[in-house]
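Trainee: Take a look at the following structure, please.
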Amino acid sequence: MLEIFTRFADWLAYTVLGLSAETKLGDAVHFFIEDVSKIYVLLVVMIYLIALIRAALNVERVRDYLAGKNKGIGYVLGSLFGAVTPFCSCSSIPVFLGFTSAGIPVGITMAFLLTSPLINEVAVLLLLSLVGWKITLMYVLIGMMTGILGGAFLDSIKAERWLRDFALKALQKARQAPVSNSQSEQPSLTLKQRHQFAKQEALDIFSRVWKWVLIGVGLGAALHGVVPDGWIAQHFGEGQWWSVPAAVVLGIPLYSNATGVIPVMESLLVNGLPVGTTIAFCMSTVAASFPEFILLKQVMQWRLLSCVFVMLLVSFTLVGWLLNALAALM
Amino acid sequence: MKDIKVLGSGCAKCTKTAEQLQKLAQEMNIEVTVSKQTDPQVIMEYGVMSTPAVVVDGQLVHSGSIPQTEQMKAWLTR
């Protein structure tokens, strides 16, 4: 079914633009056209379909559901909901406080917030269409584990000690007098309302991410066209253990959402960068970014903030090493 | 005079909501003060998790999206 995009790119790059398939430029342009057209069409269709299904899911419902769950299952659920709940990263702080003031432990809230930028329908869709199901599965599992284990770790060191005062007070108050569960009773949606929501969602997300796709695929195409084959593999191959932490550190100042970084991921892989190094780099770019952390500063003390930061960097590095070692065995 | 607050941590949608309310009030010749409230503590006290949210005269009337024009008119005239 996806061949149609290859043919479209053949036609546009080789027939209309008259480029030769043999040249680096022709190859790069072809890659660019094929990926951009494919991703755009898939995005609009899939976002619409997924939004139809999850129209009734929102952060208020997730909060009511998570409040009062026991911890073990709470981390898993927090991370799962983080992956599927539509939610803009500019709402991180209100969501953090909303969860906290409902008495949900910091670890579960962080499981939600850490998984959320890493996994969403757009990221999964891009991964599936660009790098295949195996790496997609790996990416999703690692993303969720980061949330689950990270959340559990934060609770085990009693991270709530290092919240800002007002947030800690809200948490303690909620523990003493649990908030009733049925605060946000919502009527179920009609099909028409679902369609309305899905249409709006598809338009919203597309208008937000189209330029990221363009930039990401553009960078990918440039890598295709400019970097000599084998150069990356030779210089950052799995033999060099330091390439994983280096990739993670490099990812910190680079800030992108998952939509922008995944097309780059594909070309890094195609150019021979080991899968562990690639995933470590991408996750660090998406999850460990300064803008996000500056937001979190509003509710956390420096100690907790740096704790979360170091935790992310260490876990991405470990994941990178582990995957590279596994890939070498296979 | 009506007092309208738009709650939100400074995202594009919050700015838009405030602008639209201001503009609408002007067109309808209604006196209001529209202010943006970005303090997380205040947002928490209103129990809001999805922004932008709208508070009219101290009462929370909306949260989670840019409101429809019809809704905004209703708040301004009530």
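We label chains A, B, ... in the order they appear in the structure tokens, count residues from 1 in each chain, and number ligands from 1 in the order shown.
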Distance cut-off 10 Å, counting only C-alpha atoms - which residues of chain A neighbour chain B? Return them as JSON, numbers by chain.
Mentor: {"A": [58, 59, 60, 63, 87, 88, 89, 90, 91, 92, 93, 94, 95, 96, 97, 98, 99, 100, 101, 102, 166, 167, 170, 295, 298, 299]}
Trainee: Give me, as an mmCIF file with N, CA, C and O atoms, in the first residue's frame, all polymer residues having an atom no more than 8 Å from Lys36 of chain B, counting only C-alpha atoms and skipping those fewer than 5 positions away in the same chain.
Mentor:
data_model
loop_
_atom_site.group_PDB
_atom_site.id
_atom_site.type_symbol
_atom_site.label_atom_id
_atom_site.label_comp_id
_atom_site.auth_asym_id
_atom_site.auth_seq_id
_atom_site.Cartn_x
_atom_site.Cartn_y
_atom_site.Cartn_z
ATOM 1 N N LYS B 5 -10.477 36.109 33.867
ATOM 2 C CA LYS B 5 -9.099 35.641 33.933
ATOM 3 C C LYS B 5 -8.933 34.447 33.001
ATOM 4 O O LYS B 5 -9.786 33.559 32.959
ATOM 5 N N VAL B 6 -7.833 34.456 32.254
ATOM 6 C CA VAL B 6 -7.501 33.289 31.447
ATOM 7 C C VAL B 6 -6.344 32.571 32.140
ATOM 8 O O VAL B 6 -5.270 33.147 32.321
ATOM 9 N N LEU B 7 -6.585 31.341 32.560
ATOM 10 C CA LEU B 7 -5.549 30.582 33.259
ATOM 11 C C LEU B 7 -4.753 29.747 32.266
ATOM 12 O O LEU B 7 -5.324 29.077 31.416
ATOM 13 N N GLY B 8 -3.432 29.780 32.415
ATOM 14 C CA GLY B 8 -2.620 28.953 31.521
ATOM 15 C C GLY B 8 -1.167 29.312 31.671
ATOM 16 O O GLY B 8 -0.832 30.437 32.019
ATOM 17 N N CYS B 14 -3.520 29.966 25.102
ATOM 18 C CA CYS B 14 -3.989 30.850 26.175
ATOM 19 C C CYS B 14 -3.968 32.302 25.718
ATOM 20 O O CYS B 14 -4.905 33.056 25.948
ATOM 21 N N THR B 15 -2.885 32.667 25.058
ATOM 22 C CA THR B 15 -2.767 34.028 24.550
ATOM 23 C C THR B 15 -3.900 34.333 23.582
ATOM 24 O O THR B 15 -4.531 35.387 23.641
ATOM 25 N N ALA B 18 -7.276 34.886 25.367
ATOM 26 C CA ALA B 18 -7.356 36.207 25.980
ATOM 27 C C ALA B 18 -7.587 37.288 24.924
ATOM 28 O O ALA B 18 -8.432 38.171 25.082
#
Trainee: Just the number, please: distance in Å from atom CA of Glu266 of chain A to atom CA of Gly82 of chain A, one decimal.
Mentor: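 Computing it gives 24.4 Å between the two atoms.
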Trainee: Report as a list in words all protein, DNA and RNA residues lying within 8 Å of Thr33 of chain B, evaluated on only C-alpha atoms, omitting residues in the same chain fewer than 5 positions from it.
Mentor: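 The residues that qualify are Met1, Lys2, Asp3 and Ile4 of chain B.
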Trainee: The selected residues should be written to file as a compact mmCIF listing (two decimals), in the first residue's frame (atoms: N, CA and C atoms).
Mentor:
# COMPACT_ATOMS: atom_id res chain seq x y z
N MET B 1 -18.14 46.12 36.43
CA MET B 1 -17.29 45.65 35.32
C MET B 1 -16.93 44.19 35.52
N LYS B 2 -16.99 43.48 34.42
CA LYS B 2 -16.68 42.06 34.50
C LYS B 2 -15.17 41.83 34.62
N ASP B 3 -14.85 40.80 35.37
CA ASP B 3 -13.45 40.47 35.53
C ASP B 3 -13.21 39.06 34.98
N ILE B 4 -12.45 38.99 33.90
CA ILE B 4 -12.20 37.69 33.28
C ILE B 4 -10.73 37.33 33.40
Trainee: What separation in Å, quoted to one decimal, exists between atom CA of Lys199 of chain A and atom CA of Phe5 of chain A?
Mentor: 24.0 Å
Trainee: Go through A:Thr278, A:Gln196, A:Thr285, A:Ser188 and flag the residue nearest Ile135 of chain A, using only C-alpha atoms for the distances.
Mentor: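 Using only C-alpha atoms, the shortest distance to Ile135 of chain A belongs to A:Thr278.
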Trainee: Take atom CA of Leu168 of chain A and atom CA of Ala53 of chain B and report the distance between them in Å, one decimal.
Mentor: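 Pair atom CA of Leu168 of chain A / atom CA of Ala53 of chain B returns 23.6 Å.
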Trainee: With only C-alpha atoms as the basis for distance, which of A:Arg175, A:Lys158, A:Lys24, A:Lys38 is at the shortest distance from Leu130 of chain A?
Mentor: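 When distances to Leu130 of chain A are compared using only C-alpha atoms, the smallest one comes from A:Lys38.
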Trainee: Would you give me, as a PyMOL selection string, the residues in chain B that DSSP reads as helix (DSSP H, G or I)?
Mentor: chain B and resi 12-27+40-45+69-77
Trainee: Using DSSP on the backbone, list every residue of chain B that comes out as strand (DSSP E), and give them as a PyMOL selection string.
Mentor: chain B and resi 2-7+32-37+53-56+59-63
Trainee: Take the residues just selected and output them with all heavy atoms as a compact mmCIF listing (two decimals), in the first residue's frame.
Mentor:
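Saved as selection-v8.txt:
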# COMPACT_ATOMS: atom_id res chain seq x y z
N LYS B 2 -16.99 43.48 34.42
CA LYS B 2 -16.68 42.06 34.50
C LYS B 2 -15.17 41.83 34.62
O LYS B 2 -14.37 42.57 34.06
CB LYS B 2 -17.15 41.36 33.23
CG LYS B 2 -18.57 40.90 33.34
CD LYS B 2 -18.90 40.04 32.15
CE LYS B 2 -20.40 39.80 32.09
NZ LYS B 2 -20.92 39.25 33.35
N ASP B 3 -14.85 40.80 35.37
CA ASP B 3 -13.45 40.47 35.53
C ASP B 3 -13.21 39.06 34.98
O ASP B 3 -13.75 38.09 35.50
CB ASP B 3 -13.08 40.54 37.02
CG ASP B 3 -11.69 40.00 37.26
OD1 ASP B 3 -10.78 40.40 36.51
OD2 ASP B 3 -11.52 39.17 38.18
N ILE B 4 -12.45 38.99 33.90
CA ILE B 4 -12.20 37.69 33.28
C ILE B 4 -10.73 37.33 33.40
O ILE B 4 -9.85 38.14 33.10
CB ILE B 4 -12.62 37.70 31.80
CG1 ILE B 4 -14.12 37.99 31.69
CG2 ILE B 4 -12.30 36.37 31.15
CD1 ILE B 4 -14.66 37.93 30.30
N LYS B 5 -10.48 36.11 33.87
CA LYS B 5 -9.10 35.64 33.93
C LYS B 5 -8.93 34.45 33.00
O LYS B 5 -9.79 33.56 32.96
CB LYS B 5 -8.76 35.18 35.35
CG LYS B 5 -8.62 36.29 36.36
CD LYS B 5 -7.93 35.71 37.60
CE LYS B 5 -8.05 36.66 38.78
NZ LYS B 5 -9.40 36.64 39.38
N VAL B 6 -7.83 34.46 32.25
CA VAL B 6 -7.50 33.29 31.45
C VAL B 6 -6.34 32.57 32.14
O VAL B 6 -5.27 33.15 32.32
CB VAL B 6 -7.11 33.69 30.01
CG1 VAL B 6 -6.71 32.46 29.22
CG2 VAL B 6 -8.26 34.39 29.33
N LEU B 7 -6.59 31.34 32.56
CA LEU B 7 -5.55 30.58 33.26
C LEU B 7 -4.75 29.75 32.27
O LEU B 7 -5.32 29.08 31.42
CB LEU B 7 -6.16 29.64 34.29
CG LEU B 7 -7.21 30.17 35.25
CD1 LEU B 7 -7.65 29.05 36.18
CD2 LEU B 7 -6.67 31.34 36.05
N VAL B 32 -14.80 45.13 30.23
CA VAL B 32 -14.22 44.01 30.98
C VAL B 32 -12.74 44.25 31.24
O VAL B 32 -12.11 45.05 30.56
CB VAL B 32 -14.31 42.67 30.20
CG1 VAL B 32 -15.72 42.19 30.08
CG2 VAL B 32 -13.65 42.80 28.85
N THR B 33 -12.21 43.56 32.22
CA THR B 33 -10.77 43.46 32.30
C THR B 33 -10.41 42.01 32.04
O THR B 33 -10.92 41.10 32.70
CB THR B 33 -10.23 43.82 33.70
OG1 THR B 33 -10.96 43.08 34.67
CG2 THR B 33 -10.34 45.30 33.98
N VAL B 34 -9.59 41.80 31.03
CA VAL B 34 -9.13 40.45 30.74
C VAL B 34 -7.68 40.34 31.17
O VAL B 34 -6.84 41.14 30.75
CB VAL B 34 -9.24 40.13 29.23
CG1 VAL B 34 -8.72 38.73 28.96
CG2 VAL B 34 -10.66 40.26 28.75
N SER B 35 -7.40 39.40 32.06
CA SER B 35 -6.00 39.24 32.46
C SER B 35 -5.58 37.79 32.31
O SER B 35 -6.42 36.88 32.34
CB SER B 35 -5.82 39.68 33.91
OG SER B 35 -6.65 38.91 34.75
N LYS B 36 -4.28 37.59 32.13
CA LYS B 36 -3.78 36.23 32.04
C LYS B 36 -3.15 35.84 33.37
O LYS B 36 -2.43 36.63 33.98
CB LYS B 36 -2.75 36.11 30.92
CG LYS B 36 -3.41 35.89 29.57
CD LYS B 36 -2.38 35.66 28.50
CE LYS B 36 -1.64 36.95 28.19
NZ LYS B 36 -0.60 36.77 27.18
N GLN B 37 -3.45 34.65 33.80
CA GLN B 37 -2.93 34.20 35.08
C GLN B 37 -2.03 32.99 34.84
O GLN B 37 -2.49 31.95 34.41
CB GLN B 37 -4.12 33.83 35.98
CG GLN B 37 -3.76 33.42 37.38
CD GLN B 37 -2.89 34.41 38.10
OE1 GLN B 37 -1.67 34.25 38.13
NE2 GLN B 37 -3.49 35.45 38.69
N ALA B 53 -7.92 27.85 30.58
CA ALA B 53 -9.19 27.81 31.31
C ALA B 53 -9.66 29.25 31.50
O ALA B 53 -8.86 30.17 31.47
CB ALA B 53 -8.99 27.13 32.65
N VAL B 54 -10.96 29.43 31.64
CA VAL B 54 -11.51 30.77 31.75
C VAL B 54 -12.28 30.91 33.06
O VAL B 54 -13.09 30.06 33.41
CB VAL B 54 -12.45 31.09 30.57
CG1 VAL B 54 -12.98 32.51 30.68
CG2 VAL B 54 -11.72 30.89 29.25
N VAL B 55 -11.98 31.99 33.77
CA VAL B 55 -12.67 32.29 35.02
C VAL B 55 -13.39 33.62 34.86
O VAL B 55 -12.77 34.63 34.52
CB VAL B 55 -11.66 32.37 36.19
CG1 VAL B 55 -12.36 32.87 37.45
CG2 VAL B 55 -11.00 31.03 36.42
N VAL B 56 -14.72 33.63 35.03
CA VAL B 56 -15.49 34.87 34.93
C VAL B 56 -15.98 35.25 36.32
O VAL B 56 -16.69 34.46 36.95
CB VAL B 56 -16.70 34.70 33.98
CG1 VAL B 56 -17.46 36.02 33.87
CG2 VAL B 56 -16.23 34.25 32.61
N GLN B 59 -15.55 32.68 38.92
CA GLN B 59 -16.14 31.35 38.73
C GLN B 59 -15.55 30.68 37.49
O GLN B 59 -15.52 31.27 36.41
CB GLN B 59 -17.64 31.49 38.60
CG GLN B 59 -18.36 30.17 38.79
CD GLN B 59 -19.78 30.23 38.28
OE1 GLN B 59 -20.28 31.29 37.90
NE2 GLN B 59 -20.44 29.09 38.24
N LEU B 60 -15.10 29.44 37.67
CA LEU B 60 -14.51 28.71 36.55
C LEU B 60 -15.61 28.29 35.58
O LEU B 60 -16.56 27.62 35.94
CB LEU B 60 -13.79 27.46 37.08
CG LEU B 60 -13.11 26.60 36.03
CD1 LEU B 60 -11.87 27.27 35.49
CD2 LEU B 60 -12.76 25.24 36.61
N VAL B 61 -15.49 28.71 34.30
CA VAL B 61 -16.55 28.37 33.35
C VAL B 61 -16.09 27.45 32.23
O VAL B 61 -16.91 26.89 31.51
CB VAL B 61 -17.18 29.64 32.72
CG1 VAL B 61 -17.94 30.44 33.76
CG2 VAL B 61 -16.12 30.49 32.04
N HIS B 62 -14.77 27.29 32.08
CA HIS B 62 -14.32 26.54 30.91
C HIS B 62 -12.88 26.09 31.11
O HIS B 62 -12.10 26.78 31.75
CB HIS B 62 -14.40 27.45 29.67
CG HIS B 62 -13.93 26.81 28.42
ND1 HIS B 62 -14.75 26.01 27.65
CD2 HIS B 62 -12.72 26.81 27.80
CE1 HIS B 62 -14.05 25.56 26.61
NE2 HIS B 62 -12.83 26.03 26.68
N SER B 63 -12.54 24.90 30.56
CA SER B 63 -11.12 24.55 30.56
C SER B 63 -10.79 23.59 29.43
O SER B 63 -11.64 22.83 28.97
CB SER B 63 -10.70 23.96 31.91
OG SER B 63 -10.83 22.57 31.91
Trainee: Would you pick out the contacts of segment 208-225 of chain A at 8 Å or less, using only C-alpha atoms, so that residues sharing its chain but fewer than 2 positions from it are not included, and give the list as a PyMOL selection string?
Mentor: chain A and resi 24-25+27-29+31-32+35-36+39-40+204-206+227-228+259-268+271
